[in-house]
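Engineer: So here's structure_25.txt, just compact mmCIF, C-alpha atoms:
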# COMPACT_ATOMS: atom_id res chain seq x y z
CA MET U 1 -11.98 81.16 100.92
CA LYS U 2 -15.73 81.43 101.55
CA ILE U 3 -16.83 79.97 104.88
CA LEU U 4 -20.41 79.39 106.06
CA ILE U 5 -20.92 79.03 109.81
CA SER U 6 -24.05 77.59 111.40
CA ASN U 7 -24.99 75.78 114.61
CA ASP U 8 -27.84 74.17 116.52
CA ASP U 9 -27.69 76.34 119.66
CA GLY U 10 -29.17 79.37 117.89
CA VAL U 11 -27.71 82.37 116.14
CA PHE U 12 -27.09 84.30 119.36
CA ALA U 13 -25.29 81.48 121.19
CA PRO U 14 -21.74 82.45 122.22
CA GLY U 15 -20.20 79.49 120.40
CA ILE U 16 -21.14 80.73 116.93
CA LEU U 17 -19.41 84.05 117.54
CA ALA U 18 -16.36 82.14 118.82
CA ALA U 19 -16.31 80.06 115.61
CA LYS U 20 -16.50 83.20 113.49
CA GLN U 21 -13.68 84.85 115.43
CA ALA U 22 -11.55 81.71 115.10
CA VAL U 23 -11.53 81.74 111.27
CA GLU U 24 -12.41 85.26 110.11
CA ASP U 25 -8.79 85.96 109.19
CA LEU U 26 -8.80 82.97 106.81
CA GLY U 27 -11.60 83.99 104.45
CA GLU U 28 -14.97 85.60 103.86
CA VAL U 29 -17.28 84.42 106.63
CA TYR U 30 -21.09 84.21 106.60
CA VAL U 31 -23.20 83.25 109.61
CA VAL U 32 -26.63 81.65 109.07
CA ALA U 33 -28.20 79.76 111.97
CA PRO U 34 -31.52 78.86 113.60
CA ASP U 35 -33.34 81.65 115.40
CA VAL U 36 -33.75 79.49 118.53
CA ASN U 37 -32.06 76.47 120.08
CA ASN U 38 -32.43 73.31 117.98
CA SER U 39 -30.30 70.81 119.88
CA SER U 40 -30.75 67.08 119.20
CA VAL U 41 -32.98 67.53 116.14
CA GLY U 42 -30.67 65.51 113.88
CA ARG U 43 -30.94 66.28 110.17
CA ARG U 44 -34.53 67.49 110.17
CA LEU U 45 -35.44 69.48 107.05
CA THR U 46 -38.35 71.85 106.54
CA LEU U 47 -39.58 71.12 103.01
CA PHE U 48 -42.38 72.99 101.19
CA LYS U 49 -43.10 75.14 104.25
CA HIS U 50 -42.36 78.82 104.68
CA LEU U 51 -39.28 79.82 106.65
CA GLU U 52 -38.63 83.28 108.05
CA LEU U 53 -35.19 84.71 107.25
CA ASN U 54 -34.03 87.79 109.15
CA SER U 55 -30.85 89.84 109.25
CA CYS U 56 -29.43 90.35 112.73
CA LYS U 57 -26.26 91.43 114.54
CA LEU U 58 -23.91 89.34 116.62
CA ASP U 59 -22.37 90.69 119.83
CA ASP U 60 -19.38 92.07 117.93
CA GLY U 61 -21.69 94.04 115.62
CA SER U 62 -21.16 91.80 112.59
CA GLN U 63 -24.02 90.69 110.37
CA ALA U 64 -25.68 87.30 110.65
CA TYR U 65 -28.92 85.71 109.50
CA SER U 66 -31.51 83.84 111.55
CA VAL U 67 -33.71 81.12 110.08
CA SER U 68 -36.96 79.87 111.62
CA GLY U 69 -35.96 76.30 110.96
CA SER U 70 -33.46 73.58 111.77
CA PRO U 71 -29.65 73.55 111.59
CA ALA U 72 -29.83 71.63 108.30
CA ASP U 73 -32.30 74.20 106.98
CA SER U 74 -29.86 76.96 107.88
CA VAL U 75 -27.02 75.35 105.96
CA VAL U 76 -29.18 74.98 102.83
CA VAL U 77 -30.45 78.56 103.12
CA GLY U 78 -26.96 79.91 103.69
CA ALA U 79 -25.28 77.98 100.89
CA ASP U 80 -28.02 78.31 98.28
CA TYR U 81 -29.62 81.68 99.06
CA VAL U 82 -27.73 84.01 101.41
CA MET U 83 -24.22 83.58 100.03
CA ASP U 84 -23.10 84.82 96.65
CA GLY U 85 -21.75 81.52 95.41
CA GLU U 86 -21.27 78.20 97.14
CA PRO U 87 -19.04 78.13 100.24
CA ASP U 88 -15.71 76.33 100.17
CA LEU U 89 -16.24 75.10 103.73
CA VAL U 90 -19.08 74.82 106.24
CA ILE U 91 -18.38 74.99 109.98
CA THR U 92 -21.08 74.06 112.48
CA GLY U 93 -20.62 75.11 116.09
CA ILE U 94 -18.93 75.80 118.36
CA ASN U 95 -21.56 73.64 120.03
CA GLN U 96 -21.95 74.03 123.78
CA GLY U 97 -21.83 70.37 124.72
CA VAL U 98 -20.32 67.12 123.55
CA ASN U 99 -20.92 65.29 120.26
CA ILE U 100 -19.13 61.95 120.19
CA SER U 101 -19.77 58.31 119.27
CA CYS U 102 -22.37 56.81 116.96
CA ASP U 103 -24.92 58.96 118.79
CA ILE U 104 -23.85 61.91 116.60
CA THR U 105 -26.68 61.09 114.18
CA SER U 106 -29.06 62.81 116.64
CA SER U 107 -26.86 65.92 116.86
CA GLY U 108 -28.10 69.05 115.11
CA THR U 109 -24.50 70.26 114.96
CA VAL U 110 -23.10 67.17 113.22
CA CYS U 111 -26.13 66.66 110.99
CA ALA U 112 -25.92 70.26 109.77
CA ALA U 113 -22.38 69.38 108.68
CA LEU U 114 -23.74 66.24 107.01
CA GLU U 115 -26.25 68.41 105.15
CA ALA U 116 -23.34 70.46 103.83
CA VAL U 117 -21.66 67.28 102.62
CA SER U 118 -24.84 66.32 100.76
CA LEU U 119 -24.51 69.64 98.93
CA GLY U 120 -20.96 68.75 97.93
CA ILE U 121 -19.33 71.02 100.51
CA PRO U 122 -16.73 69.74 103.02
CA ALA U 123 -17.55 70.49 106.63
CA ILE U 124 -16.33 70.62 110.21
CA ALA U 125 -18.56 70.06 113.24
CA VAL U 126 -16.97 71.42 116.40
CA SER U 127 -18.12 71.10 120.02
CA LEU U 128 -16.88 72.30 123.41
CA PHE U 129 -17.23 69.75 126.21
CA VAL U 130 -17.96 71.89 129.26
CA ASP U 131 -16.75 70.42 132.54
CA PRO U 132 -19.43 71.34 135.12
CA ARG U 133 -16.88 71.16 137.92
CA THR U 134 -15.00 74.18 136.57
CA ALA U 135 -17.40 75.95 134.21
CA TYR U 136 -20.19 76.89 136.63
CA LYS U 137 -19.31 80.08 138.50
CA GLN U 138 -21.01 82.75 140.59
CA ASP U 139 -21.07 86.47 139.92
CA GLU U 140 -20.80 89.22 142.54
CA ASN U 141 -24.51 88.88 143.30
CA GLY U 142 -24.26 85.15 143.88
CA GLU U 143 -26.01 84.27 140.62
CA TRP U 144 -24.74 81.16 138.83
CA TYR U 145 -23.56 81.31 135.22
CA VAL U 146 -21.60 79.13 132.79
CA ASP U 147 -18.13 80.33 131.86
CA TYR U 148 -17.57 79.09 128.30
CA ASP U 149 -13.83 79.09 127.68
CA PHE U 150 -13.55 78.77 123.90
CA SER U 151 -9.84 79.67 123.74
CA LEU U 152 -8.44 76.20 122.96
CA ALA U 153 -11.39 75.29 120.72
CA LYS U 154 -10.83 78.48 118.70
CA LYS U 155 -7.10 77.77 118.36
CA VAL U 156 -7.60 74.16 117.24
CA LEU U 157 -10.37 75.15 114.82
CA HIS U 158 -8.22 77.92 113.33
CA ASP U 159 -5.26 75.59 112.82
CA LEU U 160 -7.48 72.91 111.27
CA VAL U 161 -9.10 75.33 108.81
CA LEU U 162 -5.69 76.77 107.91
CA LYS U 163 -4.42 73.28 107.11
CA ILE U 164 -7.54 72.58 105.02
CA LYS U 165 -7.07 75.87 103.20
CA ASN U 166 -3.48 74.98 102.34
CA LYS U 167 -3.80 71.24 101.70
CA GLY U 168 -7.51 70.45 101.25
CA PHE U 169 -9.35 67.59 102.93
CA PRO U 170 -7.69 64.16 103.14
CA GLU U 171 -8.84 61.79 100.41
CA GLY U 172 -12.01 59.96 101.38
CA VAL U 173 -12.89 62.32 104.27
CA ASP U 174 -16.15 64.27 103.94
CA LEU U 175 -16.21 65.98 107.31
CA PHE U 176 -14.34 66.30 110.58
CA ASN U 177 -15.97 65.98 113.97
CA LEU U 178 -13.93 68.02 116.44
CA ASN U 179 -14.50 67.93 120.20
CA VAL U 180 -12.47 70.05 122.61
CA PRO U 181 -12.61 69.86 126.43
CA SER U 182 -12.88 73.11 128.35
CA ASN U 183 -10.93 71.66 131.28
CA TYR U 184 -8.08 70.21 129.21
CA GLU U 185 -4.84 68.60 130.34
CA ASN U 186 -3.26 68.22 126.88
CA GLU U 187 -3.60 70.62 123.94
CA GLU U 188 -2.40 68.11 121.32
CA VAL U 189 -5.12 66.90 118.99
CA LYS U 190 -5.70 63.14 118.82
CA ILE U 191 -7.06 61.50 115.66
CA THR U 192 -9.82 59.17 116.83
CA HIS U 193 -12.67 56.91 115.75
CA LEU U 194 -16.27 57.05 116.96
CA SER U 195 -17.10 55.37 120.25
CA HIS U 196 -19.92 52.84 120.29
CA LYS U 197 -22.24 55.20 122.17
CA MET U 198 -22.22 58.40 124.21
CA LEU U 199 -25.46 58.25 126.19
CA LEU U 200 -27.09 55.68 128.44
CA LYS U 201 -30.82 56.37 128.14
CA LYS U 202 -33.60 55.52 130.57
CA VAL U 203 -37.31 56.34 130.83
CA ILE U 204 -38.54 57.53 134.24
CA ASP U 205 -41.86 58.55 135.77
CA ASN U 206 -42.87 60.14 139.06
CA THR U 207 -42.12 56.94 140.98
CA ASP U 208 -38.37 57.22 140.34
CA GLU U 209 -37.07 58.70 143.59
CA GLU U 210 -33.46 58.90 142.39
CA ARG U 211 -34.40 61.23 139.51
CA ARG U 212 -37.46 62.83 141.11
CA GLU U 213 -35.87 66.29 141.25
CA ILE U 214 -35.13 66.18 137.52
CA PHE U 215 -38.57 64.80 136.69
CA ASP U 216 -40.40 67.54 138.61
CA TYR U 217 -38.16 70.42 137.58
CA SER U 218 -40.02 71.55 134.45
CA LEU U 219 -43.58 70.78 135.51
CA GLU U 220 -45.92 73.61 134.65
CA GLU U 221 -48.15 75.20 137.26
CA ASN U 222 -51.03 72.88 138.25
CA GLN U 223 -49.67 70.16 135.95
CA GLU U 224 -50.13 66.61 137.23
CA SER U 225 -47.26 64.16 136.83
CA ASP U 226 -49.32 60.96 136.95
CA ASN U 227 -49.42 60.43 133.17
CA LEU U 228 -46.04 61.94 132.36
CA ILE U 229 -42.78 60.18 131.52
CA MET U 230 -39.32 61.51 130.70
CA ILE U 231 -36.30 60.20 128.80
CA VAL U 232 -33.13 60.92 130.78
CA SER U 233 -29.52 60.09 130.00
CA ASP U 234 -26.05 59.77 131.50
CA LEU U 235 -22.70 59.93 129.73
CA VAL U 236 -20.96 56.63 129.07
CA LYS U 237 -17.86 56.31 131.24
CA ASP U 238 -15.87 53.51 129.56
CA TYR U 239 -14.28 54.00 126.11
CA ASP U 240 -11.56 52.18 124.16
CA GLU U 241 -8.26 54.02 123.96
CA GLU U 242 -8.41 55.11 120.32
CA SER U 243 -11.93 56.51 120.52
CA ASP U 244 -13.19 60.08 120.69
CA GLY U 245 -14.68 59.47 124.14
CA TYR U 246 -11.36 58.29 125.57
CA ALA U 247 -9.45 61.30 124.23
CA LEU U 248 -12.07 63.75 125.49
CA MET U 249 -13.13 62.22 128.81
CA VAL U 250 -10.06 60.32 129.98
CA GLU U 251 -7.06 62.06 128.40
CA LYS U 252 -8.86 65.43 128.42
CA ARG U 253 -7.49 66.47 125.04
CA PRO U 254 -9.05 67.51 121.70
CA SER U 255 -10.49 64.69 119.60
CA LEU U 256 -10.64 64.91 115.80
CA THR U 257 -12.65 62.20 114.03
CA PRO U 258 -12.53 62.00 110.21
CA LEU U 259 -15.89 60.86 108.84
CA ASN U 260 -17.40 59.71 105.58
CA ALA U 261 -21.07 60.36 104.88
CA ASN U 262 -21.55 57.08 103.01
CA MET U 263 -22.32 54.59 105.78
CA THR U 264 -22.42 51.55 103.49
CA PHE U 265 -20.61 48.45 104.75
CA ARG U 266 -19.33 46.71 101.64
CA GLU U 267 -18.02 43.34 102.84
CA LEU U 268 -20.73 40.68 103.24
CA LYS U 269 -19.00 37.74 101.57
CA ASP U 270 -19.18 35.42 104.57
CA TRP U 271 -22.64 36.40 105.78
Could you quickly redo this structure as structure tokens?

Structural biologist:
Amino acid sequence: MKILISNDDGVFAPGILAAKQAVEDLGEVYVVAPDVNNSSVGRRLTLFKHLELNSCKLDDGSQAYSVSGSPADSVVVGADYVMDGEPDLVITGINQGVNISCDITSSGTVCAALEAVSLGIPAIAVSLFVDPRTAYKQDENGEWYVDYDFSLAKKVLHDLVLKIKNKGFPEGVDLFNLNVPSNYENEEVKITHLSHKMLLKKVIDNTDEERREIFDYSLEENQESDNLIMIVSDLVKDYDEESDGYALMVEKRPSLTPLNANMTFRELKDW
């Protein structure tokens, strides 16, 4: 089994190494990913422009390739150029964050998987929902860091790929969207559908006292905020019980959503 792994967090993000480690016993694994973080870029493609492709090493010493482009670019480059023959499966992730609901069309992780589907290759997008209440820790010097616990995500991903290797994808399913909570209460995977939305978005300026700290955080030296605005977001809190958001946020268990890339709605008889 030939497996191509990519992501949107960048080739040196810890999640891509975790994905490789999760499935490397199941086939021949190649890693091709953006050279820098490309979160929330959707399915952006770099057409008729030069891309830089470099060989690099992951933290375990294994070979990977960095691409000066988007996640979707990386999948195309990996499948059509780096690999000797088309992959049997593309895995994107393990993304450090959450990718649920109809908002997944903005996700670089999910849209890289969609790009694989457009090439005729089945795909899995996998994300780790990091609970800030347990993931942020301090080292011996008092410095804060994020403790990414990929253990359950790696186990679920391994078991899913093993089942696909043995049985193939279910009929009519092009890709799986897998989300795993870091602070889980139940290890059993729940088959879900997409929630209506994941993010509540709002535009703020320097008059918003409630979000003033966020608004001012990334101001450059001597930069005035008078003509600046910012799009901010909060996670939706209410989900129906069979949705990915409910499984992940309320039941705190892995959510697996089977998806089809053809978004056509075929029944308009009564319209």

Engineer: Between U:Ile94, U:Leu4, U:Ser106, U:Val146, which residue has the minimum interatomic distance to Tyr81 in chain U, considering all atoms listed in the file?

Structural biologist: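 Ranked by minimum distance to Tyr81 in chain U, first place goes to U:Leu4.
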
Engineer: Point out the residue among U:Lys2, U:His158, U:Arg43, U:His196 with the least atom-to-atom distance to Asp73 in chain U, counting all atoms listed in the file.

Structural biologist: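 Once distances to Asp73 in chain U are computed over all atoms listed in the file, the minimum belongs to U:Arg43.
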
Engineer: For range 57-65 of chain U, find every residue with an atom within 6 Å (counting all atoms listed in the file), except residues of its own chain fewer than 2 positions away, and show them as a PDB file with C-alpha atoms, in the frame of the given file.

Structural biologist:
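Output file around.pdb follows:
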ATOM      1  CA  VAL U  31     -23.200  83.250 109.610  1.00  0.00           C
ATOM      2  CA  VAL U  32     -26.630  81.650 109.070  1.00  0.00           C
ATOM      3  CA  ASN U  54     -34.030  87.790 109.150  1.00  0.00           C
ATOM      4  CA  SER U  55     -30.850  89.840 109.250  1.00  0.00           C
TER       5      SER U  55
END

Engineer: From the options U:Gln21, U:Val130, U:Ile5, U:Asp205, which residue's atoms come nearest to Val82 in chain U, counting all atoms listed in the file?

Structural biologist: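 Looking only at the distances to Val82 in chain U, the closest residue turns out to be U:Ile5.
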
Engineer: What lies within 8 Å of Ser243 in chain U using all atoms listed in the file, ignoring chain neighbours under 5 positions off, as a list in words?

Structural biologist: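 That gives Thr192, His193, Leu194 and Ser195 of chain U.
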
Engineer: Excluding same-chain residues fewer than 3 positions from Ser233 in chain U, what lies within 8 Å of it counting only C-alpha atoms, as an MDAnalysis selection string?

Structural biologist: chainID U and resid 199:202

Engineer: Which protein, DNA or RNA residues are at most 10 Å from (-14.7, 60.4, 125.2) in the file's coordinates when you count only C-alpha atoms, listed as a PyMOL selection string?

Structural biologist: chain U and resi 98-101+129+179+181+192+194-195+197-198+235-255

Engineer: Any chance you can output those residues with C-alpha atoms as a PDB file, in the frame of the given file?

Structural biologist:
ATOM      1  CA  VAL U  98     -20.320  67.120 123.550  1.00  0.00           C
ATOM      2  CA  ASN U  99     -20.920  65.290 120.260  1.00  0.00           C
ATOM      3  CA  ILE U 100     -19.130  61.950 120.190  1.00  0.00           C
ATOM      4  CA  SER U 101     -19.770  58.310 119.270  1.00  0.00           C
ATOM      5  CA  PHE U 129     -17.230  69.750 126.210  1.00  0.00           C
ATOM      6  CA  ASN U 179     -14.500  67.930 120.200  1.00  0.00           C
ATOM      7  CA  PRO U 181     -12.610  69.860 126.430  1.00  0.00           C
ATOM      8  CA  THR U 192      -9.820  59.170 116.830  1.00  0.00           C
ATOM      9  CA  LEU U 194     -16.270  57.050 116.960  1.00  0.00           C
ATOM     10  CA  SER U 195     -17.100  55.370 120.250  1.00  0.00           C
ATOM     11  CA  LYS U 197     -22.240  55.200 122.170  1.00  0.00           C
ATOM     12  CA  MET U 198     -22.220  58.400 124.210  1.00  0.00           C
ATOM     13  CA  LEU U 235     -22.700  59.930 129.730  1.00  0.00           C
ATOM     14  CA  VAL U 236     -20.960  56.630 129.070  1.00  0.00           C
ATOM     15  CA  LYS U 237     -17.860  56.310 131.240  1.00  0.00           C
ATOM     16  CA  ASP U 238     -15.870  53.510 129.560  1.00  0.00           C
ATOM     17  CA  TYR U 239     -14.280  54.000 126.110  1.00  0.00           C
ATOM     18  CA  ASP U 240     -11.560  52.180 124.160  1.00  0.00           C
ATOM     19  CA  GLU U 241      -8.260  54.020 123.960  1.00  0.00           C
ATOM     20  CA  GLU U 242      -8.410  55.110 120.320  1.00  0.00           C
ATOM     21  CA  SER U 243     -11.930  56.510 120.520  1.00  0.00           C
ATOM     22  CA  ASP U 244     -13.190  60.080 120.690  1.00  0.00           C
ATOM     23  CA  GLY U 245     -14.680  59.470 124.140  1.00  0.00           C
ATOM     24  CA  TYR U 246     -11.360  58.290 125.570  1.00  0.00           C
ATOM     25  CA  ALA U 247      -9.450  61.300 124.230  1.00  0.00           C
ATOM     26  CA  LEU U 248     -12.070  63.750 125.490  1.00  0.00           C
ATOM     27  CA  MET U 249     -13.130  62.220 128.810  1.00  0.00           C
ATOM     28  CA  VAL U 250     -10.060  60.320 129.980  1.00  0.00           C
ATOM     29  CA  GLU U 251      -7.060  62.060 128.400  1.00  0.00           C
ATOM     30  CA  LYS U 252      -8.860  65.430 128.420  1.00  0.00           C
ATOM     31  CA  ARG U 253      -7.490  66.470 125.040  1.00  0.00           C
ATOM     32  CA  PRO U 254      -9.050  67.510 121.700  1.00  0.00           C
ATOM     33  CA  SER U 255     -10.490  64.690 119.600  1.00  0.00           C
TER      34      SER U 255
END

Engineer: For range 112-122 of chain U, please output as a list in words all residues within 6 Å (counting all atoms listed in the file; exclusion window: fewer than 4 positions along the same chain).

Structural biologist: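 Surrounding residues, per the criterion: Pro71, Ala72, Leu89, Gly108, Asp174 and Leu175 of chain U.
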
Engineer: So, counting all atoms listed in the file, which residue among U:Val180, U:Leu26, U:Leu45, U:Val11 is closest to Ala125 in chain U?

Structural biologist: U:Val180

Engineer: With all atoms listed in the file as the basis for distance, which of U:Ile191, U:Val173, U:Leu178, U:Val67 is at the shortest distance from Ala153 in chain U?

Structural biologist: U:Leu178

Engineer: What is the distance between CA of Thr105 in chain U and CA of Asn186 in chain U, in Å to one decimal?

Structural biologist: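 For CA of Thr105 in chain U relative to CA of Asn186 in chain U, the distance reads 27.6 Å.
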
Engineer: Have a look at CA of Tyr30 in chain U and CA of Ser66 in chain U and let me know their distance in Å, one decimal.

Structural biologist: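 Taking CA of Tyr30 in chain U as the start and CA of Ser66 in chain U as the end point, the length is 11.5 Å.
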
Engineer: May I ask you to restore all heavy atoms in range 116-127 of chain U and write the result as an mmCIF file, keeping the file's coordinate frame?

Structural biologist:
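Saved result, rebuild29.cif, follows:
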data_model
loop_
_atom_site.group_PDB
_atom_site.id
_atom_site.type_symbol
_atom_site.label_atom_id
_atom_site.label_comp_id
_atom_site.auth_asym_id
_atom_site.auth_seq_id
_atom_site.Cartn_x
_atom_site.Cartn_y
_atom_site.Cartn_z
ATOM 1 N N ALA U 116 -24.304 69.793 104.696
ATOM 2 C CA ALA U 116 -23.340 70.460 103.830
ATOM 3 C C ALA U 116 -22.667 69.455 102.893
ATOM 4 O O ALA U 116 -22.512 69.715 101.692
ATOM 5 C CB ALA U 116 -22.291 71.183 104.671
ATOM 6 N N VAL U 117 -22.292 68.314 103.434
ATOM 7 C CA VAL U 117 -21.660 67.280 102.620
ATOM 8 C C VAL U 117 -22.585 66.832 101.498
ATOM 9 O O VAL U 117 -22.154 66.595 100.362
ATOM 10 C CB VAL U 117 -21.232 66.085 103.504
ATOM 11 C CG1 VAL U 117 -20.747 64.918 102.653
ATOM 12 C CG2 VAL U 117 -20.134 66.514 104.482
ATOM 13 N N SER U 118 -23.880 66.721 101.790
ATOM 14 C CA SER U 118 -24.840 66.320 100.760
ATOM 15 C C SER U 118 -24.926 67.340 99.640
ATOM 16 O O SER U 118 -25.343 67.019 98.524
ATOM 17 C CB SER U 118 -26.223 66.101 101.380
ATOM 18 O OG SER U 118 -26.875 67.336 101.634
ATOM 19 N N LEU U 119 -24.542 68.584 99.937
ATOM 20 C CA LEU U 119 -24.510 69.640 98.930
ATOM 21 C C LEU U 119 -23.171 69.699 98.198
ATOM 22 O O LEU U 119 -22.963 70.563 97.349
ATOM 23 C CB LEU U 119 -24.787 71.005 99.587
ATOM 24 C CG LEU U 119 -26.119 71.163 100.329
ATOM 25 C CD1 LEU U 119 -26.177 72.511 101.025
ATOM 26 C CD2 LEU U 119 -27.294 70.992 99.380
ATOM 27 N N GLY U 120 -22.271 68.782 98.560
ATOM 28 C CA GLY U 120 -20.960 68.750 97.930
ATOM 29 C C GLY U 120 -19.943 69.664 98.571
ATOM 30 O O GLY U 120 -18.919 69.993 97.962
ATOM 31 N N ILE U 121 -20.204 70.067 99.818
ATOM 32 C CA ILE U 121 -19.330 71.020 100.510
ATOM 33 C C ILE U 121 -18.688 70.324 101.713
ATOM 34 O O ILE U 121 -19.395 69.762 102.562
ATOM 35 C CB ILE U 121 -20.135 72.235 101.007
ATOM 36 C CG1 ILE U 121 -20.932 72.858 99.866
ATOM 37 C CG2 ILE U 121 -19.207 73.272 101.638
ATOM 38 C CD1 ILE U 121 -22.009 73.811 100.338
ATOM 39 N N PRO U 122 -17.370 70.329 101.837
ATOM 40 C CA PRO U 122 -16.730 69.740 103.020
ATOM 41 C C PRO U 122 -17.090 70.515 104.272
ATOM 42 O O PRO U 122 -17.411 71.709 104.209
ATOM 43 C CB PRO U 122 -15.239 69.834 102.699
ATOM 44 C CG PRO U 122 -15.123 70.940 101.707
ATOM 45 C CD PRO U 122 -16.377 70.914 100.896
ATOM 46 N N ALA U 123 -17.038 69.858 105.413
ATOM 47 C CA ALA U 123 -17.550 70.490 106.630
ATOM 48 C C ALA U 123 -16.769 70.064 107.864
ATOM 49 O O ALA U 123 -16.113 69.025 107.890
ATOM 50 C CB ALA U 123 -19.034 70.150 106.811
ATOM 51 N N ILE U 124 -16.882 70.911 108.887
ATOM 52 C CA ILE U 124 -16.330 70.620 110.210
ATOM 53 C C ILE U 124 -17.431 70.865 111.234
ATOM 54 O O ILE U 124 -18.048 71.932 111.246
ATOM 55 C CB ILE U 124 -15.141 71.542 110.556
ATOM 56 C CG1 ILE U 124 -14.023 71.425 109.524
ATOM 57 C CG2 ILE U 124 -14.608 71.232 111.955
ATOM 58 C CD1 ILE U 124 -12.953 72.495 109.681
ATOM 59 N N ALA U 125 -17.687 69.881 112.087
ATOM 60 C CA ALA U 125 -18.560 70.060 113.240
ATOM 61 C C ALA U 125 -17.662 70.165 114.466
ATOM 62 O O ALA U 125 -16.799 69.319 114.678
ATOM 63 C CB ALA U 125 -19.522 68.879 113.383
ATOM 64 N N VAL U 126 -17.858 71.203 115.257
ATOM 65 C CA VAL U 126 -16.970 71.420 116.400
ATOM 66 C C VAL U 126 -17.800 71.675 117.658
ATOM 67 O O VAL U 126 -18.786 72.411 117.639
ATOM 68 C CB VAL U 126 -15.981 72.576 116.140
ATOM 69 C CG1 VAL U 126 -16.706 73.830 115.706
ATOM 70 C CG2 VAL U 126 -15.109 72.846 117.349
ATOM 71 N N SER U 127 -17.388 71.018 118.754
ATOM 72 C CA SER U 127 -18.120 71.100 120.020
ATOM 73 C C SER U 127 -17.149 71.328 121.174
ATOM 74 O O SER U 127 -16.012 70.853 121.158
ATOM 75 C CB SER U 127 -18.910 69.812 120.277
ATOM 76 O OG SER U 127 -19.830 69.557 119.242
#
